[in-house]
$ cat upload_21.cif   # mmCIF, C-alpha atoms and all ligand atoms
data_coords
#
loop_
_atom_site.label_atom_id
_atom_site.label_comp_id
_atom_site.auth_asym_id
_atom_site.auth_seq_id
_atom_site.Cartn_x
_atom_site.Cartn_y
_atom_site.Cartn_z
CA MET U 14 -196.85 -16.87 -147.57
CA PRO U 15 -198.42 -13.39 -147.74
CA PRO U 16 -199.89 -12.00 -144.51
CA VAL U 17 -203.48 -13.10 -144.01
CA LEU U 18 -204.51 -9.45 -143.65
CA VAL U 19 -202.93 -6.29 -145.00
CA VAL U 20 -204.36 -2.88 -144.05
CA GLU U 21 -203.02 0.22 -145.78
CA GLY U 22 -203.92 3.85 -145.14
CA LEU U 23 -207.31 2.95 -143.68
CA ARG U 24 -209.57 5.88 -142.76
CA LEU U 25 -213.02 5.97 -141.18
CA TYR U 26 -214.59 9.35 -140.38
CA TYR U 27 -217.98 9.97 -138.79
CA GLY U 28 -220.28 12.97 -139.34
CA MET U 29 -221.44 14.80 -136.20
CA GLY U 30 -223.62 17.71 -137.30
CA LYS U 31 -221.21 19.98 -139.14
CA ASP U 32 -218.18 18.29 -137.63
CA VAL U 33 -216.21 15.26 -138.72
CA VAL U 34 -214.77 12.76 -136.21
CA LYS U 35 -211.56 11.29 -137.63
CA ALA U 36 -211.77 8.03 -135.67
CA VAL U 37 -209.40 5.99 -137.88
CA ASP U 38 -207.00 8.22 -139.73
CA GLY U 39 -204.49 6.43 -141.95
CA VAL U 40 -203.89 3.08 -140.22
CA SER U 41 -201.58 0.50 -141.80
CA LEU U 42 -200.83 -2.93 -140.36
CA GLU U 43 -200.28 -6.55 -141.33
CA LEU U 44 -201.38 -9.75 -139.67
CA ASP U 45 -199.67 -13.10 -140.27
CA ARG U 46 -201.30 -16.52 -140.19
CA GLY U 47 -201.92 -17.70 -136.63
CA GLU U 48 -200.58 -14.49 -135.17
CA VAL U 49 -202.06 -12.41 -132.34
CA LEU U 50 -201.78 -8.66 -132.80
CA ALA U 51 -202.94 -6.55 -129.86
CA VAL U 52 -204.22 -3.03 -130.54
CA VAL U 53 -203.83 -0.99 -127.36
CA GLY U 54 -204.59 2.61 -126.45
CA GLU U 55 -206.69 4.79 -124.20
CA SER U 56 -210.45 5.12 -124.41
CA GLY U 57 -211.51 7.08 -127.49
CA SER U 58 -208.34 6.40 -129.48
CA GLY U 59 -210.32 4.65 -132.26
CA LYS U 60 -209.68 0.98 -131.45
CA SER U 61 -213.28 -0.23 -131.89
CA SER U 62 -213.68 1.98 -134.96
CA LEU U 63 -210.65 0.23 -136.46
CA GLY U 64 -212.32 -3.15 -135.82
CA TYR U 65 -215.55 -2.01 -137.45
CA ALA U 66 -213.62 -0.53 -140.36
CA ILE U 67 -211.78 -3.83 -140.98
CA MET U 68 -215.14 -5.68 -140.93
CA ARG U 69 -216.68 -2.90 -143.06
CA LEU U 70 -219.50 -2.61 -140.57
CA LEU U 71 -220.04 1.11 -140.85
CA PRO U 72 -222.51 3.19 -138.83
CA GLU U 73 -225.01 5.32 -140.76
CA ASN U 74 -223.06 8.48 -140.02
CA ALA U 75 -219.84 7.22 -141.64
CA VAL U 76 -218.84 10.01 -144.04
CA LEU U 77 -215.49 8.74 -145.24
CA TYR U 78 -214.17 5.21 -145.60
CA ASP U 79 -211.13 4.52 -147.71
CA GLY U 80 -207.72 2.86 -147.85
CA ARG U 81 -207.08 -0.81 -148.57
CA ILE U 82 -207.83 -3.99 -146.65
CA LEU U 83 -206.69 -7.17 -148.37
CA LEU U 84 -207.59 -10.56 -146.95
CA HIS U 85 -205.65 -13.53 -148.34
CA ASP U 86 -206.97 -17.07 -148.22
CA GLY U 87 -204.78 -19.51 -150.14
CA GLY U 88 -204.63 -18.08 -153.65
CA ALA U 89 -207.76 -15.94 -153.18
CA GLU U 90 -207.58 -12.24 -152.37
CA PHE U 91 -210.52 -10.20 -151.08
CA ASP U 92 -210.41 -6.42 -151.21
CA ILE U 93 -212.72 -5.56 -148.31
CA VAL U 94 -212.97 -1.78 -148.84
CA SER U 95 -214.01 -1.93 -152.45
CA MET U 96 -215.74 -5.29 -152.91
CA ASP U 97 -219.43 -5.59 -153.55
CA GLU U 98 -221.54 -5.70 -150.33
CA GLU U 99 -223.29 -8.90 -151.34
CA ALA U 100 -220.00 -10.70 -152.02
CA LEU U 101 -218.58 -9.34 -148.76
CA ARG U 102 -221.53 -10.76 -146.84
CA ARG U 103 -221.45 -14.08 -148.71
CA ASP U 104 -217.71 -14.77 -148.83
CA VAL U 105 -215.91 -12.74 -146.19
CA ARG U 106 -217.76 -11.37 -143.17
CA TRP U 107 -218.09 -14.05 -140.43
CA LYS U 108 -216.84 -16.79 -142.80
CA ARG U 109 -213.30 -15.52 -143.20
CA ILE U 110 -213.17 -12.65 -140.70
CA SER U 111 -215.37 -12.27 -137.66
CA MET U 112 -215.61 -10.04 -134.60
CA VAL U 113 -216.53 -10.33 -130.93
CA PHE U 114 -218.00 -6.91 -130.22
CA GLN U 115 -217.24 -4.82 -127.16
CA ALA U 116 -219.80 -5.70 -124.43
CA SER U 117 -221.58 -8.02 -126.87
CA MET U 118 -222.24 -10.70 -124.27
CA ASN U 119 -225.10 -8.53 -123.05
CA ALA U 120 -226.65 -8.69 -126.51
CA ILE U 121 -227.53 -12.40 -126.44
CA ASP U 122 -231.28 -12.74 -127.04
CA PRO U 123 -232.68 -13.24 -123.51
CA VAL U 124 -235.67 -15.35 -124.57
CA SER U 125 -233.87 -17.89 -126.76
CA THR U 126 -231.81 -20.82 -125.63
CA ILE U 127 -228.13 -20.48 -126.48
CA GLY U 128 -228.53 -23.28 -129.05
CA ASP U 129 -231.38 -21.51 -130.88
CA PHE U 130 -229.53 -18.18 -130.71
CA ILE U 131 -226.41 -19.69 -132.29
CA TYR U 132 -228.36 -21.71 -134.83
CA ARG U 133 -230.28 -18.62 -136.05
CA ILE U 134 -227.01 -16.84 -136.75
CA VAL U 135 -225.38 -19.87 -138.39
CA ARG U 136 -228.41 -20.31 -140.67
CA GLU U 137 -228.02 -16.76 -142.02
CA HIS U 138 -224.55 -17.60 -143.29
CA ARG U 139 -224.94 -21.30 -144.02
CA PRO U 140 -228.50 -21.77 -145.29
CA ASP U 141 -227.38 -25.20 -146.56
CA LEU U 142 -227.14 -26.53 -142.98
CA ASP U 143 -230.37 -28.06 -141.65
CA LYS U 144 -231.20 -27.65 -137.97
CA ARG U 145 -229.56 -30.93 -136.95
CA ARG U 146 -226.27 -30.05 -138.66
CA GLY U 147 -226.50 -26.42 -137.52
CA LEU U 148 -226.87 -27.53 -133.91
CA ALA U 149 -224.01 -30.02 -134.36
CA ALA U 150 -221.80 -27.14 -135.52
CA ALA U 151 -222.98 -25.12 -132.52
CA ALA U 152 -222.10 -28.02 -130.19
CA GLU U 153 -218.63 -28.29 -131.67
CA ALA U 154 -218.03 -24.55 -131.30
CA ILE U 155 -219.30 -24.60 -127.70
CA LYS U 156 -216.90 -27.44 -126.85
CA SER U 157 -214.00 -25.62 -128.52
CA VAL U 158 -214.35 -22.78 -126.01
CA GLY U 159 -214.38 -25.17 -123.06
CA LEU U 160 -218.11 -25.12 -122.28
CA PRO U 161 -220.29 -28.21 -121.79
CA VAL U 162 -222.73 -28.95 -124.62
CA SER U 163 -225.59 -28.67 -122.09
CA VAL U 164 -225.12 -24.88 -122.38
CA LEU U 165 -227.00 -25.08 -125.69
CA ASP U 166 -230.22 -25.82 -123.78
CA MET U 167 -229.74 -22.99 -121.32
CA TYR U 168 -231.02 -19.40 -121.36
CA PRO U 169 -228.61 -16.43 -121.06
CA PHE U 170 -229.75 -15.63 -117.49
CA GLU U 171 -228.53 -19.07 -116.43
CA LEU U 172 -224.96 -18.29 -117.58
CA SER U 173 -222.23 -16.36 -115.81
CA GLY U 174 -220.52 -13.42 -117.53
CA GLY U 175 -217.52 -15.57 -118.42
CA MET U 176 -219.73 -18.27 -119.94
CA LYS U 177 -221.59 -15.68 -122.01
CA GLN U 178 -218.31 -14.23 -123.25
CA ARG U 179 -217.23 -17.75 -124.25
CA VAL U 180 -220.51 -18.16 -126.14
CA MET U 181 -219.74 -14.96 -128.08
CA ILE U 182 -216.23 -16.23 -128.86
CA ALA U 183 -217.72 -19.59 -129.97
CA LEU U 184 -220.10 -17.70 -132.24
CA ALA U 185 -217.23 -15.77 -133.83
CA LEU U 186 -215.37 -19.05 -134.44
CA ILE U 187 -218.26 -21.15 -135.67
CA LEU U 188 -217.69 -20.61 -139.39
CA ARG U 189 -213.96 -21.24 -138.92
CA PRO U 190 -212.72 -17.79 -139.93
CA LEU U 191 -209.08 -17.00 -140.68
CA VAL U 192 -209.16 -13.84 -138.60
CA VAL U 193 -211.10 -12.95 -135.45
CA ILE U 194 -211.23 -9.42 -134.07
CA LEU U 195 -211.84 -9.46 -130.31
CA ASP U 196 -212.87 -6.10 -128.90
CA GLU U 197 -212.16 -5.90 -125.14
CA PRO U 198 -213.05 -9.56 -124.60
CA THR U 199 -212.26 -9.53 -120.89
CA SER U 200 -213.02 -6.03 -119.70
CA ALA U 201 -216.51 -6.66 -118.29
CA LEU U 202 -215.40 -9.72 -116.33
CA ASP U 203 -214.18 -10.26 -112.78
CA VAL U 204 -210.53 -11.19 -112.32
CA ILE U 205 -210.98 -14.97 -112.08
CA THR U 206 -213.30 -15.10 -115.08
CA GLN U 207 -210.86 -12.89 -116.97
CA ALA U 208 -208.13 -15.43 -116.30
CA ASN U 209 -210.34 -18.19 -117.74
CA VAL U 210 -211.07 -16.25 -120.91
CA ILE U 211 -207.38 -15.38 -121.24
CA SER U 212 -206.42 -19.05 -121.08
CA LEU U 213 -209.08 -19.78 -123.69
CA LEU U 214 -207.59 -17.14 -126.01
CA LYS U 215 -204.14 -18.60 -125.43
CA SER U 216 -205.39 -22.06 -126.41
CA LEU U 217 -206.81 -20.67 -129.67
CA ARG U 218 -203.51 -19.01 -130.56
CA GLY U 219 -202.00 -20.42 -133.72
CA ASP U 220 -205.26 -21.86 -135.12
CA VAL U 221 -206.73 -18.51 -135.96
CA SER U 222 -205.20 -15.08 -136.44
CA MET U 223 -206.44 -12.59 -133.88
CA ILE U 224 -206.64 -8.85 -133.54
CA LEU U 225 -207.05 -8.31 -129.83
CA ILE U 226 -208.36 -4.84 -129.04
CA THR U 227 -207.72 -3.86 -125.45
CA HIS U 228 -206.84 -0.92 -123.24
CA ASP U 229 -205.05 -3.44 -121.03
CA LEU U 230 -201.32 -3.66 -121.78
CA ALA U 231 -200.87 -6.47 -119.29
CA LEU U 232 -203.37 -8.59 -121.24
CA ALA U 233 -201.65 -7.69 -124.50
CA SER U 234 -198.28 -8.67 -123.04
CA GLU U 235 -199.64 -12.05 -122.02
CA ILE U 236 -201.22 -13.07 -125.29
CA ALA U 237 -199.95 -11.04 -128.23
CA ASP U 238 -197.05 -11.76 -130.58
CA ARG U 239 -197.05 -8.12 -131.64
CA ILE U 240 -198.51 -4.92 -130.25
CA ALA U 241 -199.83 -1.88 -132.10
CA VAL U 242 -200.24 1.27 -130.01
CA MET U 243 -203.05 3.53 -131.16
CA TYR U 244 -203.31 7.19 -130.30
CA ALA U 245 -205.96 9.60 -131.58
CA GLY U 246 -206.90 7.57 -134.65
CA LYS U 247 -203.37 6.56 -135.63
CA ILE U 248 -200.90 3.78 -134.90
CA VAL U 249 -197.88 5.45 -133.30
CA GLU U 250 -195.82 2.32 -132.61
CA ILE U 251 -195.99 -1.30 -133.74
CA GLY U 252 -193.65 -4.20 -133.21
CA PRO U 253 -192.93 -7.52 -131.48
CA SER U 254 -194.49 -7.53 -128.00
CA ASP U 255 -191.15 -7.95 -126.23
CA ALA U 256 -189.57 -5.03 -128.07
CA VAL U 257 -192.54 -2.71 -127.57
CA LEU U 258 -192.84 -3.58 -123.87
CA THR U 259 -189.17 -3.61 -122.95
CA SER U 260 -187.86 -0.85 -125.20
CA PRO U 261 -190.75 1.35 -126.24
CA ARG U 262 -189.61 4.00 -128.70
CA HIS U 263 -192.61 6.34 -128.75
CA PRO U 264 -193.09 8.56 -125.67
CA TYR U 265 -196.79 7.67 -125.60
CA THR U 266 -196.01 3.93 -125.38
CA GLY U 267 -193.56 4.69 -122.58
CA ALA U 268 -196.21 6.68 -120.73
CA LEU U 269 -198.80 3.92 -121.18
CA LEU U 270 -196.36 1.39 -119.72
CA GLU U 271 -195.59 3.64 -116.77
CA SER U 272 -199.30 3.81 -116.01
CA THR U 273 -199.92 0.03 -116.16
CA PRO U 274 -199.90 -1.46 -112.64
CA THR U 275 -199.25 -5.13 -113.41
CA LEU U 276 -196.28 -4.36 -115.64
CA ARG U 277 -194.60 -1.91 -113.28
CA GLN U 278 -194.89 -3.42 -109.83
CA ASP U 279 -191.36 -2.37 -108.98
CA ARG U 280 -191.94 1.32 -109.51
CA ALA U 281 -194.34 4.11 -108.66
CA LEU U 282 -197.12 4.45 -111.18
CA SER U 283 -197.57 7.63 -113.09
CA SER U 284 -200.58 8.76 -115.06
CA ILE U 285 -200.46 10.42 -118.45
CA PRO U 286 -201.27 14.12 -118.09
CA GLY U 287 -204.27 15.44 -120.03
CA ARG U 288 -206.54 13.24 -122.10
CA VAL U 289 -206.96 11.83 -125.59
CA PRO U 290 -207.64 14.83 -127.84
CA SER U 291 -210.88 15.45 -129.67
CA LEU U 292 -210.84 13.59 -132.95
CA ILE U 293 -212.87 16.43 -134.48
CA ARG U 294 -209.98 18.88 -134.30
CA PRO U 295 -206.93 16.79 -133.43
CA PRO U 296 -203.77 18.75 -132.60
CA PRO U 297 -201.64 19.59 -135.65
CA GLY U 298 -198.29 17.90 -136.16
CA CYS U 299 -197.82 15.04 -133.73
CA ARG U 300 -201.20 14.45 -132.09
CA PHE U 301 -199.50 13.59 -128.80
CA HIS U 302 -197.63 16.90 -128.54
CA PRO U 303 -199.91 18.63 -125.98
CA ARG U 304 -199.21 15.78 -123.53
CA CYS U 305 -195.61 14.98 -124.43
CA GLY U 306 -192.74 16.00 -122.18
CA HIS U 307 -190.32 15.93 -125.15
CA ALA U 308 -192.33 18.10 -127.56
CA MET U 309 -190.24 20.30 -129.86
CA ASP U 310 -191.25 22.99 -132.35
CA ILE U 311 -191.42 20.58 -135.26
CA CYS U 312 -193.80 18.35 -133.26
CA ARG U 313 -196.38 21.15 -133.21
CA ARG U 314 -196.15 21.70 -136.97
CA GLU U 315 -195.43 18.47 -138.81
CA GLU U 316 -196.65 14.95 -138.45
CA PRO U 317 -193.77 12.54 -137.70
CA PRO U 318 -193.33 9.69 -140.22
CA MET U 319 -193.20 6.04 -139.19
CA VAL U 320 -189.58 4.90 -139.09
CA ASP U 321 -187.93 1.53 -138.54
CA VAL U 322 -186.47 1.24 -135.04
CA GLY U 323 -185.68 -2.49 -134.95
CA PRO U 324 -186.64 -5.77 -136.61
CA GLY U 325 -190.34 -5.45 -137.43
CA HIS U 326 -190.52 -2.52 -135.01
CA ARG U 327 -191.69 0.93 -136.18
CA ALA U 328 -192.64 4.16 -134.45
CA ALA U 329 -193.64 7.68 -135.44
CA CYS U 330 -191.84 10.33 -133.38
CA TRP U 331 -189.53 13.20 -134.32
CA LEU U 332 -187.07 12.05 -131.63
CA LEU U 333 -186.35 9.01 -133.82
CA ARG U 334 -185.27 10.87 -136.94
CA THR U 335 -181.70 10.09 -137.87
N1 LIG U 401 -220.88 6.46 -134.71
C1 LIG U 401 -220.10 7.43 -134.21
N2 LIG U 401 -220.35 8.72 -134.50
C2 LIG U 401 -219.57 9.72 -134.05
N3 LIG U 401 -218.48 9.52 -133.28
C3 LIG U 401 -218.18 8.25 -132.95
C4 LIG U 401 -218.97 7.14 -133.38
N4 LIG U 401 -218.43 6.01 -132.86
C5 LIG U 401 -217.33 6.39 -132.16
N5 LIG U 401 -217.19 7.74 -132.20
C6 LIG U 401 -216.10 8.53 -131.63
O1 LIG U 401 -214.91 8.11 -132.29
C7 LIG U 401 -213.82 8.11 -131.40
C8 LIG U 401 -213.20 6.73 -131.33
O2 LIG U 401 -214.16 5.87 -130.72
P1 LIG U 401 -213.90 4.31 -130.52
O3 LIG U 401 -215.12 3.76 -129.91
O4 LIG U 401 -213.45 3.74 -131.80
O5 LIG U 401 -212.68 4.33 -129.49
P2 LIG U 401 -212.09 3.17 -128.57
O6 LIG U 401 -210.62 3.30 -128.64
O7 LIG U 401 -212.70 1.87 -128.96
O8 LIG U 401 -212.57 3.57 -127.11
P3 LIG U 401 -212.94 2.62 -125.84
O9 LIG U 401 -211.62 2.15 -125.29
O10 LIG U 401 -213.65 3.55 -124.90
O11 LIG U 401 -213.80 1.50 -126.33
C9 LIG U 401 -214.36 8.60 -130.06
O12 LIG U 401 -214.14 10.00 -130.00
C10 LIG U 401 -215.85 8.30 -130.17
O13 LIG U 401 -216.60 9.21 -129.38
S1 LIG U 402 -193.11 13.66 -132.18
FE1 LIG U 402 -192.62 15.15 -130.60
S2 LIG U 402 -194.54 15.43 -129.45
FE2 LIG U 402 -194.73 13.57 -130.66
S3 LIG U 402 -194.15 11.96 -129.29
FE3 LIG U 402 -192.31 12.53 -130.43
S4 LIG U 402 -191.30 14.09 -129.18
FE4 LIG U 402 -193.38 13.87 -128.39
MG MG U 403 -213.85 0.49 -128.00
#
$ encode --input "upload_21.cif" --output "structure tokens"
Amino acid sequence: MPPVLVVEGLRLYYGMGKDVVKAVDGVSLELDRGEVLAVVGESGSGKSSLGYAIMRLLPENAVLYDGRILLHDGGAEFDIVSMDEEALRRDVRWKRISMVFQASMNAIDPVSTIGDFIYRIVREHRPDLDKRRGLAAAAEAIKSVGLPVSVLDMYPFELSGGMKQRVMIALALILRPLVVILDEPTSALDVITQANVISLLKSLRGDVSMILITHDLALASEIADRIAVMYAGKIVEIGPSDAVLTSPRHPYTGALLESTPTLRQDRALSSIPGRVPSLIRPPPGCRFHPRCGHAMDICRREEPPMVDVGPGHRAACWLLRT
């Protein structure tokens, strides 16, 4: 079976006055049916932009958007970058691929009940459903995320943060998509609520393919089958979670692991010196070179290619050339 999603050479640049922000700069990845792929990286590395680019939800100041995104559903193939906007809206977005936006739980309409809020959104995509059937679909989705149906009659202020996040996940699942992109689904929640949402995501594993965007490697290690590490608009390492976490091959992945408390309880934590570079003028060669303790001359001049470092495991670093 082909992967449900294939992304090749995806780029999304934003205009900022005379400057161009290269937020997603040549990203390639694949997602199998029922698989969870975590995309990890520091703030500003382009993770949310990658999610928006895959959904083709582009801000007004997008100045470049190209590459290929193929979504496979049975025998049907949808080419998200180049397909007609109307067909994208009708056949793909939300129906086959949906997204839980970063901090979106604060965007629930405060003056509607949860049921009306969900029904309004369902109606946009399934005008064939009357209110009774729309609310029945909403009830089913609400139950699937472990909430009581009575939530449909409640207003957002009556719900805790964790319940609101579950409502947003229910909304993303309501049209039974093949792929859901979850952008930092737990980051605004307290620890106990986080644990609840994590167990919800675990229970959904296998039914739906997920791209889990997070700066939290511990969360990625708990849920994901594979991990993609993003740095300054690019994927620098991708592979099975175990391999990436236990034998990281890119120095940036190693540094991220060293700075993650829950994964390194046995050792002193270290922080990564410096910060994510400006995506307006990213460093030449390897974008990590100003912060890398192993940087060589070639790193400052030439971009390292992605190379195979193990089964399904790839990384882009000049130290890995054979
Ligand atoms: N519409 C926009 N116009 C210009 N620059 C943008 C726009 N949206 C994001 N950026 C910039 O693009 C870069 C990548 O941003 P993005 O939000 O994708 O990163 P992120 O990895 O999701 O970060 P975080 O972990 O903080 O959510 C950042 O430098 C950000 O400031
Ligand atoms: S290519 Fe060079 S600078 Fe980049 S991570 Fe590898 S060693 Fe460090
Ligand atoms: Mg983000």
$ residues_near_ligand --input "upload_21.cif" --ligand "ligand LIG 402 (chain U)" --cutoff "7 Å" --atoms "only C-alpha atoms and all ligand atoms" --output "list of chain:residue names"
U:His263, U:Pro264, U:Tyr265, U:Cys299, U:Arg300, U:Phe301, U:His302, U:Cys305, U:Gly306, U:His307, U:Ala308, U:Met309, U:Cys312, U:Pro317, U:Ala329, U:Cys330, U:Trp331, U:Leu332
$ closest_residue --input "upload_21.cif" --among "U:Pro318, U:Gly287, U:Pro274, U:Gly80" --to "U:Arg304" --atoms "only C-alpha atoms"
U:Gly287
$ residues_near_ligand --input "upload_21.cif" --ligand "ligand LIG 401 (chain U)" --cutoff "7 Å" --atoms "only C-alpha atoms and all ligand atoms" --output "JSON, numbers by chain"
{"U": [27, 28, 29, 34, 36, 54, 55, 56, 57, 58, 59, 60, 61, 62, 63, 72, 74, 228, 291, 292]}
$ write_last_selection --input "upload_21.cif" --atoms "C-alpha atoms" --output "PDB file, keeping the file's coordinate frame"
ATOM      1  CA  TYR U  27    -217.980   9.970-138.790  1.00  0.00           C
ATOM      2  CA  GLY U  28    -220.280  12.970-139.340  1.00  0.00           C
ATOM      3  CA  MET U  29    -221.440  14.800-136.200  1.00  0.00           C
ATOM      4  CA  VAL U  34    -214.770  12.760-136.210  1.00  0.00           C
ATOM      5  CA  ALA U  36    -211.770   8.030-135.670  1.00  0.00           C
ATOM      6  CA  GLY U  54    -204.590   2.610-126.450  1.00  0.00           C
ATOM      7  CA  GLU U  55    -206.690   4.790-124.200  1.00  0.00           C
ATOM      8  CA  SER U  56    -210.450   5.120-124.410  1.00  0.00           C
ATOM      9  CA  GLY U  57    -211.510   7.080-127.490  1.00  0.00           C
ATOM     10  CA  SER U  58    -208.340   6.400-129.480  1.00  0.00           C
ATOM     11  CA  GLY U  59    -210.320   4.650-132.260  1.00  0.00           C
ATOM     12  CA  LYS U  60    -209.680   0.980-131.450  1.00  0.00           C
ATOM     13  CA  SER U  61    -213.280  -0.230-131.890  1.00  0.00           C
ATOM     14  CA  SER U  62    -213.680   1.980-134.960  1.00  0.00           C
ATOM     15  CA  LEU U  63    -210.650   0.230-136.460  1.00  0.00           C
ATOM     16  CA  PRO U  72    -222.510   3.190-138.830  1.00  0.00           C
ATOM     17  CA  ASN U  74    -223.060   8.480-140.020  1.00  0.00           C
ATOM     18  CA  HIS U 228    -206.840  -0.920-123.240  1.00  0.00           C
ATOM     19  CA  SER U 291    -210.880  15.450-129.670  1.00  0.00           C
ATOM     20  CA  LEU U 292    -210.840  13.590-132.950  1.00  0.00           C
TER      21      LEU U 292
END
$ residues_around --input "upload_21.cif" --residues "U:Val221" --least-positions-apart "3" --cutoff "7 Å" --atoms "only C-alpha atoms" --output "ChimeraX atom specification"
/U:47,191-192,217-218
$ write_last_selection --input "upload_21.cif" --atoms "C-alpha atoms" --output "JSON list (two decimals), in the frame of the given file"
[["chain", "number", "residue", "atom", "x", "y", "z"],
["U", 47, "GLY", "CA", -201.92, -17.70, -136.63],
["U", 191, "LEU", "CA", -209.08, -17.00, -140.68],
["U", 192, "VAL", "CA", -209.16, -13.84, -138.60],
["U", 217, "LEU", "CA", -206.81, -20.67, -129.67],
["U", 218, "ARG", "CA", -203.51, -19.01, -130.56]]
$ closest_residue --input "upload_21.cif" --among "U:Ile131, U:Leu269, U:Leu225, U:Val322" --to "ligand MG 403 (chain U)" --atoms "only C-alpha atoms and all ligand atoms"
U:Leu225
$ build_atoms --input "upload_21.cif" --residues "stretch 110-122 of chain U" --atoms "N, CA and C atoms" --output "CSV table (one decimal), keeping the file's coordinate frame"
chain,number,residue,atom,x,y,z
U,110,ILE,N,-213.6,-13.6,-141.8
U,110,ILE,CA,-213.2,-12.6,-140.7
U,110,ILE,C,-214.4,-12.3,-139.8
U,111,SER,N,-214.2,-12.5,-138.5
U,111,SER,CA,-215.4,-12.3,-137.7
U,111,SER,C,-214.9,-11.4,-136.5
U,112,MET,N,-215.9,-11.0,-135.7
U,112,MET,CA,-215.6,-10.0,-134.6
U,112,MET,C,-216.4,-10.4,-133.4
U,113,VAL,N,-215.8,-10.3,-132.2
U,113,VAL,CA,-216.5,-10.3,-130.9
U,113,VAL,C,-216.6,-8.9,-130.5
U,114,PHE,N,-217.8,-8.3,-130.5
U,114,PHE,CA,-218.0,-6.9,-130.2
U,114,PHE,C,-217.8,-6.6,-128.8
U,115,GLN,N,-217.4,-5.3,-128.5
U,115,GLN,CA,-217.2,-4.8,-127.2
U,115,GLN,C,-218.6,-5.0,-126.4
U,116,ALA,N,-218.6,-5.6,-125.3
U,116,ALA,CA,-219.8,-5.7,-124.4
U,116,ALA,C,-220.9,-6.5,-125.1
U,117,SER,N,-220.5,-7.3,-126.1
U,117,SER,CA,-221.6,-8.0,-126.9
U,117,SER,C,-222.3,-9.1,-126.1
U,118,MET,N,-221.6,-9.6,-125.0
U,118,MET,CA,-222.2,-10.7,-124.3
U,118,MET,C,-223.6,-10.3,-123.7
U,119,ASN,N,-223.8,-9.0,-123.6
U,119,ASN,CA,-225.1,-8.5,-123.0
U,119,ASN,C,-226.2,-8.5,-124.2
U,120,ALA,N,-225.7,-8.8,-125.4
U,120,ALA,CA,-226.6,-8.7,-126.5
U,120,ALA,C,-227.2,-10.0,-126.9
U,121,ILE,N,-226.9,-11.1,-126.1
U,121,ILE,CA,-227.5,-12.4,-126.4
U,121,ILE,C,-229.0,-12.3,-126.2
U,122,ASP,N,-229.8,-12.8,-127.1
U,122,ASP,CA,-231.3,-12.7,-127.0
U,122,ASP,C,-231.7,-13.4,-125.7
